[in-house]
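See below for the structure under consideration.
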Amino acid sequence: MASTTRQSSAEQDRAVSDRDLSADELLVGHDSETTPQLSVVMPTLNEEAGIRTCIDWIKTAVEELQVPTEIIISDSSTDRTPDIAREMGAIVVEPDGKGYGYAYRYAFERSRGAYVAMGDADTTYDFKQIPRLLDHLEETDADMVMGSRLDGEIKDGAMPALHQHIGNPALTRFLNMFYDAGVSDAHSGFRIFTREAYEAMDWETTGMEFASEMIMDAGAKDLEIVEVPIVYHEREGEETLESFRDGWRHVRFMLVNAPGYLFSVPGLLLTIFGVAVMMLAHIGVSLGEVTFGTNSMIAGSLAAIVGMQVGSLGVFATVASDPIQRPEDPLTSWITGYATLERGATVGVIVSVAGGAYASWLVVDWILSGFGAVPFTSAALIAFTAIVVGIQLVFSSFFLSTVNQGQN
């Protein structure tokens, strides 16, 4: 936020006063006619040990900024956390649902500031740094600024080694690879974003994966995210994060919302691999000392069939779920855009009939030979593979039509 913005906002509330206002004078209540310039949101679940310190830090930041500010505590505590927050001038709301993400979403819907800051109420994030993050947001004209712990300083005991060196870096790489977020610390909870960015994003999750969804959705909507190195402190109070369960929820959410990476790409690669192996085995090509024989034909057939099935799941997931990151490979894009029941079923019938014609000749030959043993040939396996793939295409086309009908 530029200094001129701070000064003009402050001057409106000072009523021609020459002195800086205290934080208590700048804090805005829920029913106040004064529109806050900044909203600071914290979810709390029994944070009695840290809530007072966090609000004191926020007040320090508010006095530096000199802008009307509201502090919103989204509380589900059974201890004195909400009482302490109210005593210190914060607005306390009680979410009507469960979950870390839902607590944030519930509070965001009730915020009024042009800028929204968020962070945990366990003293791990230094809210006195809000002015620095706001300055960076204004200077870069970005939509969101995040405090990067991994590019900054992590105090001793603040983060388990497993999280610092494996968990958070791995999840960040996943998110950057799937959603092109370009961040160094995807799961830092200290963030500030504009009101316009908030209104552009659309969130659905209620749990810890909300931290990922925010970045995924911002990236999918081409919002600009920038980072500032921060110091990450040791928390006050009991840890509520469950490493493996919450980590898996992040990974699962990233995967199911990127069907291109989960289904389409693996399916396409498997199909190409399977067909290539079958062709090499059928024409008798050898690569050095490697010879492709009957077993290679069978493996190639299975890979092609499985690849077709997995790839079709990518199409179904794209149409049925409207994922955050839609597949961008040409094949899936073409299928979702132009495939119809009639086209898909026709292709399936042609492929199946082509394979069935050769298979029928084999049956006739078997009968004419007196039901004796029929030698296995690579052509026979190709024919039966075509039958299976053709049947898959026919029924997949019907299923896709059913899904499309349900979406319309």
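Starting from 1 in every chain, residues are counted up; chains themselves are A, B, ... following the order of the structure tokens, and ligands are numbered from 1 as listed.
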
Could you please write out, as an MDAnalysis selection string, every residue of stretch 120-311 of chain A that DSSP assigns to helix (DSSP H, G or I)?
-> chainID A and resid 127:140 161:179 195:200 210:220 243:256 259:283 294:311

Show which residues sit within 7 Å of stretch 65-73 of chain A, as number ranges by chain. Count only C-alpha atoms, and ignore same-chain residues fewer than 5 positions away.
-> A: 6, 9-10, 21, 26-29, 36-44, 90-93, 107, 131

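Distance check against A:Ala383 using only C-alpha atoms: of A:Leu400, A:Ala303, A:Leu362, A:Val310, the minimum falls on A:Leu362.
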
Which of these residues is nearest to A:Glu204, using only C-alpha atoms: A:Arg52, A:Arg86, A:His30, A:Arg105?
-> A:Arg105

Which residues, written as a PyMOL selection string, have at least one atom at most 9 Å from A:Ala61, with only C-alpha atoms counted and residues fewer than 3 positions away on the same chain left out?
-> chain A and resi 23+56-58+64-66+127-131

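Nearest to A:Thr124 of all the residues A:Asp156, A:Asp96, A:Asp75, A:Asp185 is A:Asp156, based on only C-alpha atoms.
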